[in-house]
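Quick look at run07.cif (mmCIF, C-alpha atoms and all ligand atoms):
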```
data_start
#
loop_
_atom_site.label_atom_id
_atom_site.label_comp_id
_atom_site.auth_asym_id
_atom_site.auth_seq_id
_atom_site.Cartn_x
_atom_site.Cartn_y
_atom_site.Cartn_z
CA MET A 292 -112.02 -13.45 14.26
CA THR A 293 -113.25 -16.85 13.14
CA THR A 294 -114.47 -19.45 15.64
CA LYS A 295 -111.68 -21.73 14.39
CA ASP A 296 -109.07 -19.11 15.36
CA LEU A 297 -110.70 -18.73 18.79
CA VAL A 298 -110.61 -22.50 19.40
CA GLY A 299 -106.96 -22.54 18.26
CA GLN A 300 -106.10 -19.81 20.81
CA ILE A 301 -107.88 -21.71 23.58
CA PHE A 302 -105.88 -24.90 23.00
CA GLU A 303 -102.63 -22.98 22.53
CA LYS A 304 -103.00 -21.00 25.76
CA LYS A 305 -104.81 -23.79 27.64
CA SER A 306 -107.30 -21.20 28.74
CA PHE A 307 -110.86 -20.16 27.99
CA LEU A 308 -110.74 -17.22 30.37
CA CYS A 309 -112.32 -13.90 29.45
CA VAL A 310 -111.20 -10.96 31.57
CA GLY A 311 -114.00 -8.45 32.05
CA LEU A 312 -112.86 -4.84 31.84
CA ASP A 313 -115.48 -3.32 34.16
CA THR A 314 -113.30 -0.37 35.05
CA ASP A 315 -114.68 1.75 37.84
CA LEU A 316 -112.87 4.94 38.89
CA ALA A 317 -114.13 4.43 42.44
CA LYS A 318 -112.31 1.08 42.64
CA ILE A 319 -109.06 1.51 40.74
CA PRO A 320 -105.88 2.29 42.70
CA LYS A 321 -105.70 5.90 43.85
CA HIS A 322 -102.24 6.48 42.40
CA LEU A 323 -103.68 6.14 38.86
CA LEU A 324 -106.26 8.88 39.32
CA GLY A 325 -103.73 11.64 38.51
CA ASP A 326 -103.04 10.14 35.05
CA LYS A 327 -104.45 11.88 31.95
CA ASP A 328 -106.62 8.84 31.18
CA PRO A 329 -106.83 6.71 34.37
CA ILE A 330 -109.26 4.20 32.83
CA PHE A 331 -106.89 3.45 29.98
CA SER A 332 -103.86 3.35 32.32
CA PHE A 333 -105.66 0.77 34.44
CA ASN A 334 -106.84 -1.30 31.45
CA LYS A 335 -103.38 -1.28 29.88
CA ALA A 336 -101.77 -2.48 33.11
CA ILE A 337 -104.41 -5.23 33.48
CA ILE A 338 -103.99 -6.33 29.84
CA ASP A 339 -100.18 -6.33 30.11
CA ALA A 340 -100.38 -8.43 33.28
CA THR A 341 -103.09 -10.93 32.26
CA HIS A 342 -102.87 -11.47 28.49
CA GLN A 343 -100.89 -14.71 28.72
CA PHE A 344 -103.62 -16.29 30.87
CA CYS A 345 -106.73 -15.41 28.86
CA VAL A 346 -108.12 -15.51 25.33
CA ALA A 347 -110.70 -12.73 25.52
CA TYR A 348 -111.41 -9.31 27.01
CA LYS A 349 -114.90 -8.02 27.68
CA PRO A 350 -115.30 -4.33 28.38
CA ASN A 351 -118.77 -3.77 29.79
CA ILE A 352 -119.87 -0.66 27.91
CA ALA A 353 -121.81 0.76 30.89
CA PHE A 354 -118.53 1.40 32.71
CA TYR A 355 -117.38 3.64 29.83
CA GLU A 356 -120.68 5.32 28.97
CA ALA A 357 -120.92 6.37 32.62
CA TYR A 358 -118.02 8.81 32.04
CA GLY A 359 -119.45 10.40 28.87
CA LEU A 360 -117.11 11.39 26.04
CA GLN A 361 -114.02 10.71 28.17
CA GLY A 362 -115.30 7.16 28.82
CA TRP A 363 -115.80 6.51 25.10
CA LYS A 364 -112.27 7.79 24.43
CA SER A 365 -110.90 5.40 27.06
CA LEU A 366 -112.82 2.53 25.45
CA GLU A 367 -111.51 3.49 22.01
CA ARG A 368 -107.91 3.62 23.28
CA THR A 369 -108.35 0.26 25.00
CA MET A 370 -109.61 -1.32 21.77
CA GLU A 371 -106.80 0.28 19.75
CA TYR A 372 -104.28 -1.10 22.25
CA LEU A 373 -105.79 -4.59 22.12
CA ASN A 374 -106.05 -4.63 18.34
CA GLU A 375 -102.48 -3.42 17.91
CA LYS A 376 -100.65 -5.33 20.67
CA HIS A 377 -102.85 -8.42 20.99
CA PRO A 378 -104.76 -8.96 17.73
CA GLU A 379 -105.19 -12.63 18.71
CA MET A 380 -107.52 -11.64 21.57
CA PHE A 381 -111.25 -12.16 21.12
CA THR A 382 -112.99 -8.95 22.10
CA ILE A 383 -116.54 -8.71 23.43
CA ALA A 384 -118.56 -5.50 23.70
CA ASP A 385 -120.88 -6.28 26.59
CA ALA A 386 -123.45 -3.75 25.43
CA LYS A 387 -126.72 -5.74 25.54
CA ARG A 388 -128.16 -3.89 22.52
CA GLY A 389 -130.94 -4.77 20.05
CA ASP A 390 -133.61 -2.56 18.44
CA ILE A 391 -135.66 -2.34 15.24
CA GLY A 392 -133.56 -3.51 12.28
CA ASN A 393 -132.60 -0.07 11.01
CA THR A 394 -131.23 0.88 14.44
CA SER A 395 -129.58 -2.49 15.09
CA THR A 396 -127.56 -1.96 11.91
CA ARG A 397 -126.17 1.28 13.37
CA TYR A 398 -125.29 -0.47 16.66
CA ALA A 399 -123.54 -3.19 14.66
CA LYS A 400 -121.53 -0.60 12.72
CA ALA A 401 -120.62 1.23 15.93
CA PHE A 402 -119.23 -1.85 17.68
CA PHE A 403 -118.03 -4.04 14.77
CA GLU A 404 -116.66 -1.32 12.50
CA ALA A 405 -115.93 1.90 14.43
CA LEU A 406 -114.59 0.12 17.53
CA ASN A 407 -113.59 -3.14 15.78
CA PHE A 408 -114.97 -5.54 18.40
CA ASP A 409 -115.18 -9.23 17.44
CA SER A 410 -118.52 -9.65 19.17
CA ILE A 411 -121.36 -7.94 21.00
CA THR A 412 -123.95 -9.07 23.55
CA ILE A 413 -127.56 -8.64 22.38
CA ALA A 414 -130.89 -8.82 24.21
CA PRO A 415 -133.21 -11.15 22.23
CA TYR A 416 -136.49 -9.61 23.39
CA MET A 417 -137.24 -7.70 20.16
CA GLY A 418 -136.84 -10.84 18.07
CA ARG A 419 -135.52 -11.88 14.68
CA ASP A 420 -135.36 -8.53 12.86
CA SER A 421 -133.53 -6.94 15.80
CA VAL A 422 -130.82 -9.64 15.80
CA GLU A 423 -130.27 -10.48 12.12
CA PRO A 424 -128.60 -7.12 11.25
CA PHE A 425 -125.73 -8.07 13.62
CA LEU A 426 -125.42 -11.53 12.04
CA GLU A 427 -124.67 -10.09 8.59
CA PHE A 428 -121.11 -9.13 9.57
CA LYS A 429 -118.52 -11.68 8.46
CA ASP A 430 -116.31 -13.13 11.21
CA LYS A 431 -118.18 -11.11 13.85
CA HIS A 432 -120.23 -12.79 16.56
CA THR A 433 -123.55 -11.97 18.17
CA ILE A 434 -123.90 -13.20 21.73
CA LEU A 435 -127.58 -13.54 22.63
CA LEU A 436 -128.65 -13.37 26.27
CA ALA A 437 -130.24 -16.77 26.91
CA LEU A 438 -130.14 -17.46 30.65
CA THR A 439 -128.47 -14.66 32.60
CA SER A 440 -126.55 -14.97 35.87
CA ASN A 441 -128.71 -12.66 37.98
CA GLN A 442 -131.68 -13.50 40.23
CA GLY A 443 -134.04 -11.60 37.90
CA ALA A 444 -133.43 -14.29 35.26
CA PHE A 445 -136.24 -16.20 37.01
CA ASP A 446 -138.73 -13.35 36.36
CA PHE A 447 -139.10 -14.22 32.66
CA GLN A 448 -136.35 -16.44 31.28
CA THR A 449 -137.39 -19.63 33.07
CA LYS A 450 -141.15 -19.12 32.62
CA ASN A 451 -142.92 -21.57 30.36
CA VAL A 452 -143.96 -20.45 26.89
CA GLY A 453 -145.78 -23.30 25.20
CA ASN A 454 -144.07 -26.50 26.24
CA HIS A 455 -140.72 -25.17 27.38
CA GLU A 456 -139.01 -22.27 29.12
CA LEU A 457 -138.47 -18.90 27.47
CA TYR A 458 -134.67 -19.21 27.39
CA LYS A 459 -135.07 -22.50 25.50
CA GLU A 460 -137.38 -20.77 23.04
CA VAL A 461 -134.67 -18.10 22.54
CA LEU A 462 -132.13 -20.85 21.80
CA GLU A 463 -134.44 -22.85 19.48
CA ARG A 464 -135.86 -19.86 17.59
CA SER A 465 -132.51 -18.13 17.11
CA LYS A 466 -131.15 -21.22 15.34
CA THR A 467 -133.54 -20.38 12.45
CA TYR A 468 -132.14 -16.84 12.04
CA LYS A 469 -130.23 -16.00 8.86
CA ASN A 470 -126.45 -16.47 9.43
CA ALA A 471 -127.17 -18.25 12.73
CA GLU A 472 -123.66 -19.71 12.58
CA ASN A 473 -122.50 -16.29 13.88
CA LEU A 474 -124.46 -16.74 17.12
CA MET A 475 -123.11 -17.41 20.59
CA TYR A 476 -125.12 -17.32 23.83
CA VAL A 477 -124.84 -15.97 27.37
CA VAL A 478 -125.54 -18.51 30.11
CA GLY A 479 -124.66 -17.47 33.66
CA ALA A 480 -122.20 -19.56 35.70
CA THR A 481 -124.69 -19.33 38.57
CA LYS A 482 -127.08 -21.44 36.43
CA ALA A 483 -124.52 -24.19 35.68
CA SER A 484 -126.98 -27.07 36.13
CA TYR A 485 -129.13 -25.63 33.32
CA LEU A 486 -126.22 -26.05 30.92
CA GLU A 487 -127.12 -29.68 30.29
CA GLY A 488 -130.47 -28.57 28.81
CA VAL A 489 -128.79 -25.74 26.92
CA ARG A 490 -126.37 -28.20 25.32
CA GLN A 491 -129.27 -30.37 24.12
CA ILE A 492 -130.43 -27.44 21.99
CA VAL A 493 -127.09 -25.83 21.03
CA PRO A 494 -124.55 -28.68 21.32
CA GLU A 495 -121.74 -26.90 19.46
CA SER A 496 -122.29 -23.18 20.04
CA PHE A 497 -119.91 -21.05 22.06
CA LEU A 498 -121.30 -19.87 25.38
CA LEU A 499 -120.17 -16.76 27.20
CA VAL A 500 -120.42 -17.67 30.87
CA PRO A 501 -120.23 -14.74 33.32
CA GLY A 502 -120.64 -15.13 37.06
CA VAL A 503 -117.60 -16.98 38.38
CA GLY A 504 -115.76 -15.12 41.12
CA ALA A 505 -117.76 -12.22 42.57
CA GLN A 506 -121.18 -13.82 41.78
CA GLY A 507 -120.24 -17.23 43.19
CA GLY A 508 -120.42 -19.41 40.05
CA ASN A 509 -118.24 -22.51 39.98
CA LEU A 510 -115.89 -23.25 37.08
CA GLN A 511 -115.89 -27.04 37.55
CA GLU A 512 -119.70 -27.14 37.55
CA VAL A 513 -119.79 -25.05 34.36
CA CYS A 514 -117.37 -27.45 32.67
CA LYS A 515 -119.18 -30.54 33.90
CA TYR A 516 -122.34 -29.54 32.05
CA GLY A 517 -121.18 -27.11 29.37
CA ILE A 518 -117.82 -28.06 27.87
CA THR A 519 -117.66 -29.56 24.36
CA LYS A 520 -114.89 -31.20 22.33
CA ASN A 521 -114.06 -27.73 20.94
CA VAL A 522 -114.47 -26.30 24.46
CA GLY A 523 -117.36 -24.04 23.47
CA LEU A 524 -116.97 -21.88 26.58
CA LEU A 525 -115.64 -18.45 27.38
CA VAL A 526 -115.79 -18.03 31.14
CA ASN A 527 -115.68 -14.43 32.32
CA SER A 528 -114.44 -12.93 35.54
CA SER A 529 -114.38 -9.15 36.03
CA ARG A 530 -114.22 -7.85 39.63
CA GLY A 531 -112.53 -11.00 40.95
CA ILE A 532 -109.50 -10.23 38.76
CA LEU A 533 -109.57 -6.44 38.37
CA TYR A 534 -109.85 -5.61 42.04
CA ALA A 535 -107.86 -8.47 43.57
CA SER A 536 -105.81 -5.62 45.06
CA GLN A 537 -106.52 -1.92 45.07
CA GLY A 538 -102.95 -1.07 45.96
CA GLU A 539 -99.83 -0.46 43.87
CA ASP A 540 -99.55 -4.23 43.33
CA PHE A 541 -102.97 -4.41 41.58
CA ALA A 542 -101.61 -5.69 38.26
CA LYS A 543 -99.50 -8.39 39.92
CA GLU A 544 -102.46 -9.58 42.00
CA ALA A 545 -104.76 -9.51 38.94
CA ALA A 546 -102.21 -11.68 37.13
CA ASN A 547 -102.15 -14.12 40.07
CA LYS A 548 -105.95 -14.43 40.00
CA ALA A 549 -105.99 -14.90 36.22
CA ARG A 550 -103.19 -17.48 36.43
CA ASN A 551 -105.10 -19.45 39.09
CA ILE A 552 -108.21 -19.59 36.91
CA GLN A 553 -106.11 -20.53 33.84
CA GLN A 554 -104.53 -23.40 35.79
CA GLU A 555 -107.97 -24.70 36.79
CA MET A 556 -109.01 -24.44 33.14
CA GLU A 557 -105.94 -26.39 32.04
CA VAL A 558 -107.06 -29.24 34.31
CA GLU A 559 -110.52 -29.20 32.72
CA LEU A 560 -109.06 -29.13 29.18
CA GLY A 561 -106.90 -32.11 30.11
CA LYS A 562 -110.10 -34.15 30.61
CA LEU A 563 -111.25 -33.69 27.00
O1 LIG B 601 -125.91 -12.77 32.68
C1 LIG B 601 -125.02 -11.91 32.74
C2 LIG B 601 -124.65 -11.16 31.64
C3 LIG B 601 -123.62 -10.28 31.77
N1 LIG B 601 -122.95 -10.14 32.93
C4 LIG B 601 -121.82 -9.19 32.97
O2 LIG B 601 -120.61 -9.94 33.19
C5 LIG B 601 -119.76 -9.25 34.11
C6 LIG B 601 -119.62 -10.03 35.39
O3 LIG B 601 -118.81 -9.33 36.31
P1 LIG B 601 -118.26 -9.98 37.69
O4 LIG B 601 -117.58 -8.83 38.34
O5 LIG B 601 -117.31 -11.08 37.31
O6 LIG B 601 -119.42 -10.47 38.45
C7 LIG B 601 -120.41 -7.87 34.29
O7 LIG B 601 -119.92 -7.01 33.28
C8 LIG B 601 -121.88 -8.15 34.06
O8 LIG B 601 -122.57 -7.01 33.61
C9 LIG B 601 -123.31 -10.89 34.01
O9 LIG B 601 -122.73 -10.79 35.11
N2 LIG B 601 -124.34 -11.77 33.88
#
```

Represent the supplied structure as structure tokens.
Amino acid sequence: MTTKDLVGQIFEKKSFLCVGLDTDLAKIPKHLLGDKDPIFSFNKAIIDATHQFCVAYKPNIAFYEAYGLQGWKSLERTMEYLNEKHPEMFTIADAKRGDIGNTSTRYAKAFFEALNFDSITIAPYMGRDSVEPFLEFKDKHTILLALTSNQGAFDFQTKNVGNHELYKEVLERSKTYKNAENLMYVVGATKASYLEGVRQIVPESFLLVPGVGAQGGNLQEVCKYGITKNVGLLVNSSRGILYASQGEDFAKEAANKARNIQQEMEVELGKL
């Protein structure tokens, strides 16, 4: 998907919500556990209930890998369902990969070609030659971890290297990568006040912003510092939507949560 198509979807749906598909068999409603593929049954119900309120879905790959081959099959079925029923959705493989170039190319093929994701999250630590193989794919997007939502972000990401912090170095340096126009960045909602500095370095880039809901990030704060004229934000919520109810009404309650966030987003878009 092109960035232009993504921006078009955002203005059409008045939403920049990304629903995180962090599907955990210990948390999904018990009545689904007897299904042949409970993970897919749950994802399908969540997608059917929430698609009108969001523009993106983000399966976190850990939640699928944890169930071995069956988990990969559930992920594959989820992607097939999204690509067939909702091809307008921007899909994010939250996989946090990155390796020597030769290996990164195989990761890129796995997620961009075999599973047909629009984008993948990548750890920047191994540098240019670990990231550029992902950037070669046309209309696919590489989402570099810049400033993450967790407490451990302060271990390294905010430490000074030279005259600025490491996450700023990641932003600055990555702009010189070949095909850098295919880059997006992760900045946690819990670090909303840092977004002003982020925007000085990457004023136009799309940011994937996880951490609203269960981690306590605030949507209005994120918008105050991070929104651009083309929006430039995909704000993710996973547990806050998926597990709004663990009963038979789970899909309805997930839809209510997604609708509430979409309505707050509509207010923010109205300020542009
Ligand atoms: O900095 C980061 C990067 C990724 N994540 C991922 O986003 C979701 C957040 O889930 P919630 O349930 O809405 O807290 C999850 O998949 C994380 O692995 C992040 O939280 N922070």

(message) Please identify all protein, DNA and RNA residues within 9 Å of ligand LIG 601 (chain B), counting only C-alpha atoms and all ligand atoms, and report them as a PyMOL selection string.
(response) chain A and resi 310-313+349-354+385-387+412+436-441+444+477-481+499-507+527-533

Would you pick out the contacts of Ala545 in chain A at 8 Å or less, using all atoms listed in the file, so that residues sharing its chain but fewer than 4 positions from it are not included, and give the list as a compact mmCIF listing (two decimals) with C-alpha atoms, keeping the file's coordinate frame?
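Output file around-v1.txt follows:
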```txt
# COMPACT_ATOMS: atom_id res chain seq x y z
CA ILE A 337 -104.41 -5.23 33.48
CA ALA A 340 -100.38 -8.43 33.28
CA THR A 341 -103.09 -10.93 32.26
CA ILE A 532 -109.50 -10.23 38.76
CA LEU A 533 -109.57 -6.44 38.37
CA TYR A 534 -109.85 -5.61 42.04
CA ALA A 535 -107.86 -8.47 43.57
CA SER A 536 -105.81 -5.62 45.06
CA PHE A 541 -102.97 -4.41 41.58
CA ALA A 549 -105.99 -14.90 36.22
```

(message) Please compute the CA of Ala542 in chain A-CA of Thr314 in chain A distance, one decimal, in Å.
(response)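 For CA of Ala542 in chain A relative to CA of Thr314 in chain A, the distance reads 13.2 Å.
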
(request) Identify which of the residues A:Cys514, A:Ile411, A:Val558, A:Val298 lies closest to Glu379 in chain A, counting only C-alpha atoms when measuring atom-to-atom distances. (result)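 Residue with the minimum atom-to-atom distance to Glu379 in chain A: A:Val298.
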
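Interatomic distance, CA of Val493 in chain A against CA of Ile383 in chain A: 20.3 Å.
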
Where's the centre, and what are the edge lengths in Å to one decimal, of a box along x, y and z enclosing all listed atoms of range 542-552 of chain A padded 4 Å per side, as AutoDock Vina command-line options?
```
--center_x -103.9 --center_y -12.6 --center_z 39.1 --size_x 16.7 --size_y 21.9 --size_z 13.8
```

As an mmCIF file, in the frame of the given file, could you write out range 394-417 of chain A once it has been completed with N, CA and C atoms?
```cif
data_model
loop_
_atom_site.group_PDB
_atom_site.id
_atom_site.type_symbol
_atom_site.label_atom_id
_atom_site.label_comp_id
_atom_site.auth_asym_id
_atom_site.auth_seq_id
_atom_site.Cartn_x
_atom_site.Cartn_y
_atom_site.Cartn_z
ATOM 1 N N THR A 394 -132.062 0.384 13.329
ATOM 2 C CA THR A 394 -131.230 0.880 14.440
ATOM 3 C C THR A 394 -130.179 -0.152 14.821
ATOM 4 N N SER A 395 -130.566 -1.446 14.785
ATOM 5 C CA SER A 395 -129.580 -2.490 15.090
ATOM 6 C C SER A 395 -128.384 -2.415 14.148
ATOM 7 N N THR A 396 -128.661 -2.090 12.878
ATOM 8 C CA THR A 396 -127.560 -1.960 11.910
ATOM 9 C C THR A 396 -126.568 -0.896 12.367
ATOM 10 N N ARG A 397 -127.069 0.199 12.912
ATOM 11 C CA ARG A 397 -126.170 1.280 13.370
ATOM 12 C C ARG A 397 -125.379 0.824 14.595
ATOM 13 N N TYR A 398 -126.031 0.083 15.502
ATOM 14 C CA TYR A 398 -125.290 -0.470 16.660
ATOM 15 C C TYR A 398 -124.183 -1.402 16.175
ATOM 16 N N ALA A 399 -124.535 -2.238 15.182
ATOM 17 C CA ALA A 399 -123.540 -3.190 14.660
ATOM 18 C C ALA A 399 -122.355 -2.444 14.069
ATOM 19 N N LYS A 400 -122.629 -1.386 13.317
ATOM 20 C CA LYS A 400 -121.530 -0.600 12.720
ATOM 21 C C LYS A 400 -120.685 0.049 13.813
ATOM 22 N N ALA A 401 -121.350 0.551 14.841
ATOM 23 C CA ALA A 401 -120.620 1.230 15.930
ATOM 24 C C ALA A 401 -119.634 0.281 16.595
ATOM 25 N N PHE A 402 -120.087 -0.945 16.902
ATOM 26 C CA PHE A 402 -119.230 -1.850 17.680
ATOM 27 C C PHE A 402 -118.328 -2.719 16.794
ATOM 28 N N PHE A 403 -118.836 -3.171 15.631
ATOM 29 C CA PHE A 403 -118.030 -4.040 14.770
ATOM 30 C C PHE A 403 -117.061 -3.256 13.880
ATOM 31 N N GLU A 404 -117.497 -2.080 13.444
ATOM 32 C CA GLU A 404 -116.660 -1.320 12.500
ATOM 33 C C GLU A 404 -115.899 -0.193 13.203
ATOM 34 N N ALA A 405 -116.622 0.739 13.828
ATOM 35 C CA ALA A 405 -115.930 1.900 14.430
ATOM 36 C C ALA A 405 -114.987 1.455 15.544
ATOM 37 N N LEU A 406 -115.439 0.538 16.404
ATOM 38 C CA LEU A 406 -114.590 0.120 17.530
ATOM 39 C C LEU A 406 -113.877 -1.214 17.278
ATOM 40 N N ASN A 407 -114.246 -1.886 16.194
ATOM 41 C CA ASN A 407 -113.590 -3.140 15.780
ATOM 42 C C ASN A 407 -113.645 -4.258 16.819
ATOM 43 N N PHE A 408 -114.766 -4.383 17.513
ATOM 44 C CA PHE A 408 -114.970 -5.540 18.400
ATOM 45 C C PHE A 408 -115.232 -6.786 17.553
ATOM 46 N N ASP A 409 -114.867 -7.951 18.095
ATOM 47 C CA ASP A 409 -115.180 -9.230 17.440
ATOM 48 C C ASP A 409 -116.605 -9.666 17.710
ATOM 49 N N SER A 410 -117.194 -9.147 18.785
ATOM 50 C CA SER A 410 -118.520 -9.650 19.170
ATOM 51 C C SER A 410 -119.234 -8.621 20.040
ATOM 52 N N ILE A 411 -120.536 -8.841 20.172
ATOM 53 C CA ILE A 411 -121.360 -7.940 21.000
ATOM 54 C C ILE A 411 -122.455 -8.763 21.675
ATOM 55 N N THR A 412 -122.805 -8.415 22.901
ATOM 56 C CA THR A 412 -123.950 -9.070 23.550
ATOM 57 C C THR A 412 -125.245 -8.353 23.135
ATOM 58 N N ILE A 413 -126.283 -9.163 22.892
ATOM 59 C CA ILE A 413 -127.560 -8.640 22.380
ATOM 60 C C ILE A 413 -128.714 -9.219 23.193
ATOM 61 N N ALA A 414 -129.669 -8.351 23.540
ATOM 62 C CA ALA A 414 -130.890 -8.820 24.210
ATOM 63 C C ALA A 414 -131.843 -9.339 23.127
ATOM 64 N N PRO A 415 -132.414 -10.531 23.294
ATOM 65 C CA PRO A 415 -133.210 -11.150 22.230
ATOM 66 C C PRO A 415 -134.672 -10.697 22.200
ATOM 67 N N TYR A 416 -135.075 -9.875 23.151
ATOM 68 C CA TYR A 416 -136.490 -9.610 23.390
ATOM 69 C C TYR A 416 -137.240 -9.067 22.172
ATOM 70 N N MET A 417 -136.555 -8.288 21.316
ATOM 71 C CA MET A 417 -137.240 -7.700 20.160
ATOM 72 C C MET A 417 -137.261 -8.625 18.948
#
```
